[in-house]
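Trainee: Input structure: my_file07.tsv, which contains TSV, N, CA, C and O atoms.
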```
chain	number	residue	atom	x	y	z
A	1	MET	N	62.90	63.93	70.07
A	1	MET	CA	63.72	63.79	68.89
A	1	MET	C	64.44	62.45	68.94
A	1	MET	O	65.13	62.13	69.89
A	2	LYS	N	64.27	61.70	67.89
A	2	LYS	CA	64.90	60.39	67.82
A	2	LYS	C	66.27	60.53	67.15
A	2	LYS	O	66.38	61.09	66.06
A	3	LEU	N	67.31	60.06	67.81
A	3	LEU	CA	68.67	60.16	67.32
A	3	LEU	C	69.11	58.82	66.75
A	3	LEU	O	69.16	57.83	67.49
A	4	PRO	N	69.40	58.74	65.45
A	4	PRO	CA	69.83	57.47	64.87
A	4	PRO	C	71.14	56.97	65.51
A	4	PRO	O	71.94	57.75	66.01
A	5	ARG	N	71.30	55.67	65.51
A	5	ARG	CA	72.45	55.06	66.17
A	5	ARG	C	73.77	55.55	65.58
A	5	ARG	O	74.72	55.84	66.29
A	6	ARG	N	73.85	55.64	64.25
A	6	ARG	CA	75.09	56.07	63.59
A	6	ARG	C	75.46	57.50	63.99
A	6	ARG	O	76.60	57.79	64.28
A	7	LYS	N	74.48	58.38	64.03
A	7	LYS	CA	74.74	59.77	64.41
A	7	LYS	C	75.20	59.84	65.88
A	7	LYS	O	76.09	60.60	66.22
A	8	PHE	N	74.57	59.03	66.73
A	8	PHE	CA	74.97	59.00	68.13
A	8	PHE	C	76.42	58.55	68.29
A	8	PHE	O	77.18	59.11	69.07
A	9	LEU	N	76.82	57.52	67.52
A	9	LEU	CA	78.20	57.03	67.61
A	9	LEU	C	79.19	58.08	67.11
A	9	LEU	O	80.28	58.23	67.67
A	10	HIS	N	78.84	58.82	66.07
A	10	HIS	CA	79.71	59.90	65.58
A	10	HIS	C	79.88	60.98	66.65
A	10	HIS	O	80.99	61.46	66.88
A	11	LEU	N	78.79	61.35	67.28
A	11	LEU	CA	78.86	62.37	68.33
A	11	LEU	C	79.67	61.88	69.53
A	11	LEU	O	80.45	62.63	70.11
A	12	ALA	N	79.50	60.63	69.91
A	12	ALA	CA	80.24	60.08	71.04
A	12	ALA	C	81.73	60.02	70.74
A	12	ALA	O	82.57	60.35	71.59
A	13	ALA	N	82.11	59.63	69.53
A	13	ALA	CA	83.52	59.57	69.15
A	13	ALA	C	84.14	60.96	69.12
A	13	ALA	O	85.27	61.17	69.55
A	14	SER	N	83.39	61.94	68.63
A	14	SER	CA	83.88	63.31	68.60
A	14	SER	C	84.08	63.85	70.01
A	14	SER	O	85.08	64.52	70.29
A	15	ALA	N	83.15	63.57	70.89
A	15	ALA	CA	83.27	64.04	72.27
A	15	ALA	C	84.45	63.36	72.98
A	15	ALA	O	85.12	63.98	73.80
A	16	ALA	N	84.72	62.11	72.66
A	16	ALA	CA	85.84	61.40	73.29
A	16	ALA	C	87.18	61.93	72.79
A	16	ALA	O	88.16	61.96	73.53
A	17	ALA	N	87.26	62.37	71.53
A	17	ALA	CA	88.51	62.85	70.95
A	17	ALA	C	88.80	64.31	71.30
A	17	ALA	O	89.93	64.76	71.16
A	18	LEU	N	87.83	65.05	71.75
A	18	LEU	CA	88.01	66.48	72.00
A	18	LEU	C	89.08	66.80	73.04
A	18	LEU	O	89.89	67.71	72.81
A	19	PRO	N	89.18	66.13	74.18
A	19	PRO	CA	90.25	66.46	75.14
A	19	PRO	C	91.65	66.25	74.58
A	19	PRO	O	92.56	67.01	74.89
A	20	ALA	N	91.85	65.25	73.76
A	20	ALA	CA	93.17	65.00	73.17
A	20	ALA	C	93.55	66.13	72.22
A	20	ALA	O	94.70	66.55	72.18
A	21	VAL	N	92.60	66.62	71.46
A	21	VAL	CA	92.86	67.70	70.52
A	21	VAL	C	93.24	68.98	71.27
A	21	VAL	O	94.16	69.68	70.87
A	22	SER	N	92.59	69.28	72.37
A	22	SER	CA	92.90	70.49	73.10
A	22	SER	C	94.30	70.43	73.72
A	22	SER	O	94.98	71.43	73.81
A	23	ARG	N	94.75	69.23	74.16
A	23	ARG	CA	96.10	69.10	74.71
A	23	ARG	C	97.15	69.30	73.64
A	23	ARG	O	98.20	69.90	73.89
A	24	ILE	N	96.89	68.83	72.44
A	24	ILE	CA	97.84	69.01	71.34
A	24	ILE	C	97.96	70.49	71.01
A	24	ILE	O	99.05	71.01	70.81
A	25	ALA	N	96.86	71.18	70.96
A	25	ALA	CA	96.88	72.61	70.64
A	25	ALA	C	97.54	73.41	71.75
A	25	ALA	O	98.21	74.40	71.50
A	26	TRP	N	97.41	72.98	72.99
A	26	TRP	CA	97.99	73.70	74.11
A	26	TRP	C	99.51	73.59	74.11
A	26	TRP	O	100.22	74.48	74.54
A	27	ALA	N	100.05	72.49	73.60
A	27	ALA	CA	101.49	72.24	73.65
A	27	ALA	C	102.27	73.12	72.68
A	27	ALA	O	103.47	73.28	72.83
A	28	GLN	N	101.62	73.67	71.68
A	28	GLN	CA	102.33	74.48	70.70
A	28	GLN	C	102.64	75.85	71.27
A	28	GLN	O	101.81	76.49	71.89
A	29	THR	N	103.86	76.31	71.04
A	29	THR	CA	104.25	77.65	71.49
A	29	THR	C	104.44	78.51	70.25
A	29	THR	O	105.52	78.58	69.68
A	30	TYR	N	103.38	79.12	69.82
A	30	TYR	CA	103.45	79.98	68.64
A	30	TYR	C	103.13	81.39	69.06
A	30	TYR	O	102.24	81.59	69.86
A	31	PRO	N	103.78	82.37	68.64
A	31	PRO	CA	104.96	82.40	67.79
A	31	PRO	C	106.23	82.24	68.62
A	31	PRO	O	106.30	82.69	69.74
A	32	ASN	N	107.23	81.61	68.05
A	32	ASN	CA	108.48	81.43	68.76
A	32	ASN	C	109.57	82.35	68.23
A	32	ASN	O	110.70	82.28	68.66
A	33	ARG	N	109.22	83.20	67.28
A	33	ARG	CA	110.13	84.22	66.73
A	33	ARG	C	109.39	85.55	66.68
A	33	ARG	O	108.17	85.58	66.81
A	34	PRO	N	110.11	86.64	66.49
A	34	PRO	CA	109.41	87.93	66.36
A	34	PRO	C	108.41	87.92	65.20
A	34	PRO	O	108.66	87.33	64.16
A	35	VAL	N	107.29	88.59	65.40
A	35	VAL	CA	106.23	88.65	64.39
A	35	VAL	C	106.53	89.83	63.48
A	35	VAL	O	106.72	90.95	63.94
A	36	ARG	N	106.56	89.58	62.18
A	36	ARG	CA	106.86	90.63	61.21
A	36	ARG	C	105.58	91.01	60.48
A	36	ARG	O	104.94	90.16	59.84
A	37	VAL	N	105.20	92.28	60.59
A	37	VAL	CA	104.00	92.79	59.92
A	37	VAL	C	104.46	93.71	58.80
A	37	VAL	O	105.16	94.69	59.04
A	38	ILE	N	104.08	93.40	57.57
A	38	ILE	CA	104.47	94.20	56.41
A	38	ILE	C	103.33	95.14	56.06
A	38	ILE	O	102.21	94.70	55.81
A	39	VAL	N	103.62	96.43	56.09
A	39	VAL	CA	102.63	97.47	55.78
A	39	VAL	C	103.03	98.10	54.46
A	39	VAL	O	104.17	98.53	54.29
A	40	GLY	N	102.10	98.17	53.52
A	40	GLY	CA	102.40	98.68	52.19
A	40	GLY	C	102.28	100.18	52.04
A	40	GLY	O	102.17	100.66	50.91
A	41	PHE	N	102.30	100.91	53.12
A	41	PHE	CA	102.17	102.36	53.07
A	41	PHE	C	103.27	103.01	53.88
A	41	PHE	O	103.94	102.35	54.68
A	42	ALA	N	103.45	104.32	53.71
A	42	ALA	CA	104.53	105.04	54.38
A	42	ALA	C	104.31	105.10	55.89
A	42	ALA	O	103.19	104.97	56.39
A	43	SER	N	105.43	105.26	56.62
A	43	SER	CA	105.32	105.35	58.08
A	43	SER	C	104.62	106.64	58.49
A	43	SER	O	104.75	107.66	57.84
A	44	GLY	N	103.90	106.54	59.58
A	44	GLY	CA	103.19	107.69	60.11
A	44	GLY	C	101.76	107.80	59.58
A	44	GLY	O	101.00	108.62	60.05
A	45	GLY	N	101.40	106.96	58.63
A	45	GLY	CA	100.05	106.99	58.09
A	45	GLY	C	99.09	106.16	58.92
A	45	GLY	O	99.46	105.55	59.93
A	46	ALA	N	97.86	106.13	58.48
A	46	ALA	CA	96.82	105.41	59.23
A	46	ALA	C	97.10	103.91	59.27
A	46	ALA	O	96.91	103.27	60.31
A	47	ALA	N	97.57	103.33	58.17
A	47	ALA	CA	97.83	101.89	58.15
A	47	ALA	C	98.98	101.54	59.10
A	47	ALA	O	98.95	100.52	59.78
A	48	ASP	N	100.01	102.39	59.14
A	48	ASP	CA	101.15	102.15	60.03
A	48	ASP	C	100.72	102.24	61.50
A	48	ASP	O	101.09	101.39	62.32
A	49	ILE	N	99.93	103.23	61.82
A	49	ILE	CA	99.46	103.40	63.20
A	49	ILE	C	98.58	102.23	63.61
A	49	ILE	O	98.71	101.70	64.73
A	50	MET	N	97.70	101.77	62.72
A	50	MET	CA	96.84	100.63	63.04
A	50	MET	C	97.66	99.35	63.26
A	50	MET	O	97.39	98.58	64.17
A	51	ALA	N	98.68	99.14	62.43
A	51	ALA	CA	99.53	97.95	62.60
A	51	ALA	C	100.24	97.99	63.94
A	51	ALA	O	100.36	96.97	64.63
A	52	ARG	N	100.72	99.15	64.36
A	52	ARG	CA	101.41	99.27	65.65
A	52	ARG	C	100.44	99.08	66.82
A	52	ARG	O	100.78	98.45	67.82
A	53	LEU	N	99.23	99.60	66.69
A	53	LEU	CA	98.24	99.42	67.76
A	53	LEU	C	97.83	97.95	67.89
A	53	LEU	O	97.69	97.44	69.00
A	54	VAL	N	97.65	97.27	66.76
A	54	VAL	CA	97.28	95.86	66.81
A	54	VAL	C	98.43	95.05	67.41
A	54	VAL	O	98.21	94.13	68.20
A	55	GLY	N	99.67	95.40	67.08
A	55	GLY	CA	100.82	94.71	67.65
A	55	GLY	C	100.90	94.86	69.16
A	55	GLY	O	101.23	93.92	69.87
A	56	GLN	N	100.56	96.03	69.68
A	56	GLN	CA	100.55	96.24	71.12
A	56	GLN	C	99.37	95.52	71.76
A	56	GLN	O	99.48	95.00	72.87
A	57	TRP	N	98.25	95.47	71.09
A	57	TRP	CA	97.04	94.89	71.65
A	57	TRP	C	97.14	93.37	71.77
A	57	TRP	O	96.66	92.78	72.72
A	58	LEU	N	97.80	92.70	70.80
A	58	LEU	CA	97.84	91.24	70.78
A	58	LEU	C	98.67	90.66	71.92
A	58	LEU	O	98.28	89.68	72.53
A	59	ARG	N	99.82	91.22	72.22
A	59	ARG	CA	100.68	90.77	73.33
A	59	ARG	C	100.88	89.26	73.31
A	59	ARG	O	100.51	88.55	74.24
A	60	LEU	N	101.51	88.77	72.27
A	60	LEU	CA	101.74	87.34	72.13
A	60	LEU	C	103.02	86.88	72.82
A	60	LEU	O	103.38	85.71	72.74
A	61	GLY	N	103.71	87.77	73.47
A	61	GLY	CA	104.95	87.39	74.14
A	61	GLY	C	106.17	87.53	73.25
A	61	GLY	O	107.26	87.21	73.67
A	62	GLN	N	105.99	87.97	72.05
A	62	GLN	CA	107.09	88.19	71.12
A	62	GLN	C	107.00	89.62	70.59
A	62	GLN	O	105.92	90.19	70.50
A	63	PRO	N	108.14	90.20	70.23
A	63	PRO	CA	108.09	91.56	69.66
A	63	PRO	C	107.46	91.57	68.26
A	63	PRO	O	107.61	90.62	67.51
A	64	PHE	N	106.77	92.64	67.96
A	64	PHE	CA	106.19	92.85	66.64
A	64	PHE	C	107.10	93.81	65.88
A	64	PHE	O	107.40	94.90	66.38
A	65	VAL	N	107.53	93.42	64.70
A	65	VAL	CA	108.37	94.26	63.85
A	65	VAL	C	107.48	94.78	62.72
A	65	VAL	O	106.97	94.00	61.92
A	66	ILE	N	107.28	96.10	62.69
A	66	ILE	CA	106.46	96.71	61.64
A	66	ILE	C	107.39	97.11	60.51
A	66	ILE	O	108.28	97.94	60.68
A	67	ASP	N	107.20	96.51	59.34
A	67	ASP	CA	108.05	96.74	58.19
A	67	ASP	C	107.26	97.53	57.16
A	67	ASP	O	106.35	97.00	56.51
A	68	ASN	N	107.58	98.82	57.00
A	68	ASN	CA	106.89	99.67	56.03
A	68	ASN	C	107.57	99.56	54.68
A	68	ASN	O	108.77	99.82	54.55
A	69	ARG	N	106.81	99.17	53.65
A	69	ARG	CA	107.32	99.03	52.30
A	69	ARG	C	106.41	99.81	51.34
A	69	ARG	O	105.60	99.22	50.62
A	70	PRO	N	106.52	101.14	51.33
A	70	PRO	CA	105.64	101.91	50.44
A	70	PRO	C	106.11	101.84	48.99
A	70	PRO	O	107.27	101.56	48.71
A	71	GLY	N	105.19	102.12	48.09
A	71	GLY	CA	105.53	102.24	46.67
A	71	GLY	C	104.94	101.13	45.83
A	71	GLY	O	104.64	100.04	46.30
A	72	GLY	N	104.80	101.44	44.56
A	72	GLY	CA	104.34	100.44	43.59
A	72	GLY	C	102.90	100.03	43.78
A	72	GLY	O	102.51	98.96	43.35
A	73	GLY	N	102.10	100.87	44.43
A	73	GLY	CA	100.70	100.52	44.65
A	73	GLY	C	100.53	99.29	45.53
A	73	GLY	O	99.56	98.56	45.40
A	74	GLY	N	101.47	99.06	46.42
A	74	GLY	CA	101.41	97.90	47.31
A	74	GLY	C	102.14	96.69	46.77
A	74	GLY	O	102.26	95.67	47.45
A	75	ASN	N	102.68	96.78	45.53
A	75	ASN	CA	103.37	95.64	44.93
A	75	ASN	C	104.69	95.32	45.63
A	75	ASN	O	105.08	94.16	45.72
A	76	ILE	N	105.38	96.33	46.14
A	76	ILE	CA	106.65	96.10	46.83
A	76	ILE	C	106.41	95.35	48.13
A	76	ILE	O	107.13	94.40	48.47
A	77	ALA	N	105.37	95.74	48.86
A	77	ALA	CA	105.05	95.04	50.11
A	77	ALA	C	104.55	93.62	49.82
A	77	ALA	O	104.89	92.69	50.55
A	78	THR	N	103.79	93.46	48.75
A	78	THR	CA	103.31	92.12	48.39
A	78	THR	C	104.47	91.21	48.03
A	78	THR	O	104.52	90.04	48.42
A	79	GLU	N	105.43	91.75	47.30
A	79	GLU	CA	106.60	90.96	46.94
A	79	GLU	C	107.41	90.56	48.16
A	79	GLU	O	107.90	89.43	48.27
A	80	ALA	N	107.53	91.47	49.13
A	80	ALA	CA	108.23	91.14	50.37
A	80	ALA	C	107.52	90.02	51.12
A	80	ALA	O	108.17	89.15	51.71
A	81	GLY	N	106.19	90.04	51.10
A	81	GLY	CA	105.43	88.97	51.76
A	81	GLY	C	105.55	87.64	51.04
A	81	GLY	O	105.64	86.59	51.67
A	82	VAL	N	105.58	87.68	49.71
A	82	VAL	CA	105.68	86.45	48.94
A	82	VAL	C	107.06	85.83	49.11
A	82	VAL	O	107.19	84.60	49.22
A	83	ARG	N	108.10	86.65	49.18
A	83	ARG	CA	109.47	86.13	49.29
A	83	ARG	C	109.90	85.85	50.73
A	83	ARG	O	111.00	85.39	50.97
A	84	ALA	N	109.03	86.13	51.69
A	84	ALA	CA	109.35	85.85	53.10
A	84	ALA	C	109.42	84.35	53.32
A	84	ALA	O	108.68	83.58	52.69
A	85	PRO	N	110.28	83.91	54.23
A	85	PRO	CA	110.35	82.47	54.50
A	85	PRO	C	109.06	81.97	55.13
A	85	PRO	O	108.47	82.63	55.98
A	86	ALA	N	108.62	80.82	54.72
A	86	ALA	CA	107.39	80.22	55.26
A	86	ALA	C	107.65	79.73	56.66
A	86	ALA	O	108.62	79.02	56.93
A	87	ASP	N	106.79	80.12	57.61
A	87	ASP	CA	106.99	79.71	58.98
A	87	ASP	C	105.73	79.13	59.59
A	87	ASP	O	105.58	79.05	60.79
A	88	GLY	N	104.79	78.75	58.79
A	88	GLY	CA	103.62	78.07	59.29
A	88	GLY	C	102.46	78.95	59.47
A	88	GLY	O	101.46	78.68	59.98
```
As structure tokens - that is how I would like this structure written.
Mentor:
Amino acid sequence: MKLPRRKFLHLAASAAALPAVSRIAWAQTYPNRPVRVIVGFASGGAADIMARLVGQWLRLGQPFVIDNRPGGGGNIATEAGVRAPADG
């Protein structure tokens, strides 16, 4: 397989930049606040249990807060998510 010079230079530049990108990603400490999971169904239901199991399984080093907002066909929970402060 013949590799054109331009393609080779693109691949070489990408390979050279890869270690720098991994160091930048390693330096970030996310999440640095408790993780808030909004569930649009009542507590004790299947969605609530799944959210709690996923929170235990992830173990990100921060507590998971399960916020149940039932009612309105999920509109109340959606509104809570839309009005939540943006954190990245």
Trainee: Taking only C-alpha atoms into account, which of A:Ile49, A:Leu9, A:Leu60, A:Val54 comes nearest Arg33 of chain A?
Mentor: A:Leu60
Trainee: From the options A:Leu53, A:Asp48, A:Pro85, A:Gly40, which residue's atoms come nearest to Gly73 of chain A, counting all atoms listed in the file?
Mentor: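 Ranking A:Leu53, A:Asp48, A:Pro85, A:Gly40 by distance to Gly73 of chain A, first place goes to A:Gly40.
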Trainee: Rank A:Ala46, A:Gly72, A:Ala77, A:Val35 by their smallest atom-to-atom distance to Leu58 of chain A, using only C-alpha atoms, and report the top residue only.
Mentor: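 Of A:Ala46, A:Gly72, A:Ala77, A:Val35, the one nearest Leu58 of chain A is A:Val35, counting only C-alpha atoms.
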Trainee: Check the smallest atom-to-atom distance from each of A:Val39, A:Trp57, A:Ala15, A:His10 to Glu79 of chain A using only C-alpha atoms, then report the winner.
Mentor: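 Of all the options, A:Val39 lies closest to Glu79 of chain A.
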Trainee: What's the separation between atom C of Phe64 of chain A and atom O of Val37 of chain A, in Å to one decimal place?
Mentor: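 Pair atom C of Phe64 of chain A / atom O of Val37 of chain A returns 7.2 Å.
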Trainee: Of the candidates A:Phe8, A:Lys2, A:Ile38, A:Gly45, which shows the shortest atom-to-atom distance to Ala80 of chain A, using all atoms listed in the file?
Mentor: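 Once distances to Ala80 of chain A are computed over all atoms listed in the file, the minimum belongs to A:Ile38.
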Trainee: Compute the distance from (110.7, 85.9, 69.1) to each atom, counting only N, CA, C and O atoms, keep the residues with any atom at most 6 Å away, and return them as a ChimeraX atom specification; use the coordinates of the file.
Mentor: /A:31-35,61-63
Trainee: For atom C of Arg59 of chain A and atom CA of Arg83 of chain A, determine how far apart the two atoms are, in Å to one decimal place.
Mentor: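 Computing the Euclidean distance for atom C of Arg59 of chain A and atom CA of Arg83 of chain A yields 25.7 Å.
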Trainee: Looking only at the backbone, which of the residues in segment 22-84 of chain A does DSSP tag as strand (DSSP E or B), as a list in words?
Mentor: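 Answer for segment 22-84 of chain A restricted to strand (DSSP E or B) is Val35, Arg36, Val37, Ile38, Val39, Phe64, Val65, Ile66, Asp67 and Asn68 of chain A.
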Trainee: Please report the interatomic distance between atom CA of Gly44 of chain A and atom CA of Ile76 of chain A in Å with one decimal.
Mentor: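 Separation between atom CA of Gly44 of chain A and atom CA of Ile76 of chain A: 18.0 Å.
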Trainee: So, counting only C-alpha atoms, which residue among A:Ala84, A:Arg36, A:Ala16, A:Arg5 is closest to Val65 of chain A?
Mentor: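 Nearest to Val65 of chain A: A:Arg36.
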Trainee: Run DSSP on the backbone and give me the residues of chain A it puts in helix (DSSP H, G or I), as a tab-separated table (two decimals) with N, CA, C and O atoms, in the coordinates of the input.
Mentor:
```tsv
chain	number	residue	atom	x	y	z
A	5	ARG	N	71.30	55.67	65.51
A	5	ARG	CA	72.45	55.06	66.17
A	5	ARG	C	73.77	55.55	65.58
A	5	ARG	O	74.72	55.84	66.29
A	6	ARG	N	73.85	55.64	64.25
A	6	ARG	CA	75.09	56.07	63.59
A	6	ARG	C	75.46	57.50	63.99
A	6	ARG	O	76.60	57.79	64.28
A	7	LYS	N	74.48	58.38	64.03
A	7	LYS	CA	74.74	59.77	64.41
A	7	LYS	C	75.20	59.84	65.88
A	7	LYS	O	76.09	60.60	66.22
A	8	PHE	N	74.57	59.03	66.73
A	8	PHE	CA	74.97	59.00	68.13
A	8	PHE	C	76.42	58.55	68.29
A	8	PHE	O	77.18	59.11	69.07
A	9	LEU	N	76.82	57.52	67.52
A	9	LEU	CA	78.20	57.03	67.61
A	9	LEU	C	79.19	58.08	67.11
A	9	LEU	O	80.28	58.23	67.67
A	10	HIS	N	78.84	58.82	66.07
A	10	HIS	CA	79.71	59.90	65.58
A	10	HIS	C	79.88	60.98	66.65
A	10	HIS	O	80.99	61.46	66.88
A	11	LEU	N	78.79	61.35	67.28
A	11	LEU	CA	78.86	62.37	68.33
A	11	LEU	C	79.67	61.88	69.53
A	11	LEU	O	80.45	62.63	70.11
A	12	ALA	N	79.50	60.63	69.91
A	12	ALA	CA	80.24	60.08	71.04
A	12	ALA	C	81.73	60.02	70.74
A	12	ALA	O	82.57	60.35	71.59
A	13	ALA	N	82.11	59.63	69.53
A	13	ALA	CA	83.52	59.57	69.15
A	13	ALA	C	84.14	60.96	69.12
A	13	ALA	O	85.27	61.17	69.55
A	14	SER	N	83.39	61.94	68.63
A	14	SER	CA	83.88	63.31	68.60
A	14	SER	C	84.08	63.85	70.01
A	14	SER	O	85.08	64.52	70.29
A	15	ALA	N	83.15	63.57	70.89
A	15	ALA	CA	83.27	64.04	72.27
A	15	ALA	C	84.45	63.36	72.98
A	15	ALA	O	85.12	63.98	73.80
A	16	ALA	N	84.72	62.11	72.66
A	16	ALA	CA	85.84	61.40	73.29
A	16	ALA	C	87.18	61.93	72.79
A	16	ALA	O	88.16	61.96	73.53
A	17	ALA	N	87.26	62.37	71.53
A	17	ALA	CA	88.51	62.85	70.95
A	17	ALA	C	88.80	64.31	71.30
A	17	ALA	O	89.93	64.76	71.16
A	18	LEU	N	87.83	65.05	71.75
A	18	LEU	CA	88.01	66.48	72.00
A	18	LEU	C	89.08	66.80	73.04
A	18	LEU	O	89.89	67.71	72.81
A	19	PRO	N	89.18	66.13	74.18
A	19	PRO	CA	90.25	66.46	75.14
A	19	PRO	C	91.65	66.25	74.58
A	19	PRO	O	92.56	67.01	74.89
A	20	ALA	N	91.85	65.25	73.76
A	20	ALA	CA	93.17	65.00	73.17
A	20	ALA	C	93.55	66.13	72.22
A	20	ALA	O	94.70	66.55	72.18
A	21	VAL	N	92.60	66.62	71.46
A	21	VAL	CA	92.86	67.70	70.52
A	21	VAL	C	93.24	68.98	71.27
A	21	VAL	O	94.16	69.68	70.87
A	22	SER	N	92.59	69.28	72.37
A	22	SER	CA	92.90	70.49	73.10
A	22	SER	C	94.30	70.43	73.72
A	22	SER	O	94.98	71.43	73.81
A	23	ARG	N	94.75	69.23	74.16
A	23	ARG	CA	96.10	69.10	74.71
A	23	ARG	C	97.15	69.30	73.64
A	23	ARG	O	98.20	69.90	73.89
A	24	ILE	N	96.89	68.83	72.44
A	24	ILE	CA	97.84	69.01	71.34
A	24	ILE	C	97.96	70.49	71.01
A	24	ILE	O	99.05	71.01	70.81
A	25	ALA	N	96.86	71.18	70.96
A	25	ALA	CA	96.88	72.61	70.64
A	25	ALA	C	97.54	73.41	71.75
A	25	ALA	O	98.21	74.40	71.50
A	26	TRP	N	97.41	72.98	72.99
A	26	TRP	CA	97.99	73.70	74.11
A	26	TRP	C	99.51	73.59	74.11
A	26	TRP	O	100.22	74.48	74.54
A	27	ALA	N	100.05	72.49	73.60
A	27	ALA	CA	101.49	72.24	73.65
A	27	ALA	C	102.27	73.12	72.68
A	27	ALA	O	103.47	73.28	72.83
A	46	ALA	N	97.86	106.13	58.48
A	46	ALA	CA	96.82	105.41	59.23
A	46	ALA	C	97.10	103.91	59.27
A	46	ALA	O	96.91	103.27	60.31
A	47	ALA	N	97.57	103.33	58.17
A	47	ALA	CA	97.83	101.89	58.15
A	47	ALA	C	98.98	101.54	59.10
A	47	ALA	O	98.95	100.52	59.78
A	48	ASP	N	100.01	102.39	59.14
A	48	ASP	CA	101.15	102.15	60.03
A	48	ASP	C	100.72	102.24	61.50
A	48	ASP	O	101.09	101.39	62.32
A	49	ILE	N	99.93	103.23	61.82
A	49	ILE	CA	99.46	103.40	63.20
A	49	ILE	C	98.58	102.23	63.61
A	49	ILE	O	98.71	101.70	64.73
A	50	MET	N	97.70	101.77	62.72
A	50	MET	CA	96.84	100.63	63.04
A	50	MET	C	97.66	99.35	63.26
A	50	MET	O	97.39	98.58	64.17
A	51	ALA	N	98.68	99.14	62.43
A	51	ALA	CA	99.53	97.95	62.60
A	51	ALA	C	100.24	97.99	63.94
A	51	ALA	O	100.36	96.97	64.63
A	52	ARG	N	100.72	99.15	64.36
A	52	ARG	CA	101.41	99.27	65.65
A	52	ARG	C	100.44	99.08	66.82
A	52	ARG	O	100.78	98.45	67.82
A	53	LEU	N	99.23	99.60	66.69
A	53	LEU	CA	98.24	99.42	67.76
A	53	LEU	C	97.83	97.95	67.89
A	53	LEU	O	97.69	97.44	69.00
A	54	VAL	N	97.65	97.27	66.76
A	54	VAL	CA	97.28	95.86	66.81
A	54	VAL	C	98.43	95.05	67.41
A	54	VAL	O	98.21	94.13	68.20
A	55	GLY	N	99.67	95.40	67.08
A	55	GLY	CA	100.82	94.71	67.65
A	55	GLY	C	100.90	94.86	69.16
A	55	GLY	O	101.23	93.92	69.87
A	56	GLN	N	100.56	96.03	69.68
A	56	GLN	CA	100.55	96.24	71.12
A	56	GLN	C	99.37	95.52	71.76
A	56	GLN	O	99.48	95.00	72.87
A	57	TRP	N	98.25	95.47	71.09
A	57	TRP	CA	97.04	94.89	71.65
A	57	TRP	C	97.14	93.37	71.77
A	57	TRP	O	96.66	92.78	72.72
A	58	LEU	N	97.80	92.70	70.80
A	58	LEU	CA	97.84	91.24	70.78
A	58	LEU	C	98.67	90.66	71.92
A	58	LEU	O	98.28	89.68	72.53
A	72	GLY	N	104.80	101.44	44.56
A	72	GLY	CA	104.34	100.44	43.59
A	72	GLY	C	102.90	100.03	43.78
A	72	GLY	O	102.51	98.96	43.35
A	73	GLY	N	102.10	100.87	44.43
A	73	GLY	CA	100.70	100.52	44.65
A	73	GLY	C	100.53	99.29	45.53
A	73	GLY	O	99.56	98.56	45.40
A	74	GLY	N	101.47	99.06	46.42
A	74	GLY	CA	101.41	97.90	47.31
A	74	GLY	C	102.14	96.69	46.77
A	74	GLY	O	102.26	95.67	47.45
A	75	ASN	N	102.68	96.78	45.53
A	75	ASN	CA	103.37	95.64	44.93
A	75	ASN	C	104.69	95.32	45.63
A	75	ASN	O	105.08	94.16	45.72
A	76	ILE	N	105.38	96.33	46.14
A	76	ILE	CA	106.65	96.10	46.83
A	76	ILE	C	106.41	95.35	48.13
A	76	ILE	O	107.13	94.40	48.47
A	77	ALA	N	105.37	95.74	48.86
A	77	ALA	CA	105.05	95.04	50.11
A	77	ALA	C	104.55	93.62	49.82
A	77	ALA	O	104.89	92.69	50.55
A	78	THR	N	103.79	93.46	48.75
A	78	THR	CA	103.31	92.12	48.39
A	78	THR	C	104.47	91.21	48.03
A	78	THR	O	104.52	90.04	48.42
A	79	GLU	N	105.43	91.75	47.30
A	79	GLU	CA	106.60	90.96	46.94
A	79	GLU	C	107.41	90.56	48.16
A	79	GLU	O	107.90	89.43	48.27
A	80	ALA	N	107.53	91.47	49.13
A	80	ALA	CA	108.23	91.14	50.37
A	80	ALA	C	107.52	90.02	51.12
A	80	ALA	O	108.17	89.15	51.71
A	81	GLY	N	106.19	90.04	51.10
A	81	GLY	CA	105.43	88.97	51.76
A	81	GLY	C	105.55	87.64	51.04
A	81	GLY	O	105.64	86.59	51.67
A	82	VAL	N	105.58	87.68	49.71
A	82	VAL	CA	105.68	86.45	48.94
A	82	VAL	C	107.06	85.83	49.11
A	82	VAL	O	107.19	84.60	49.22
```
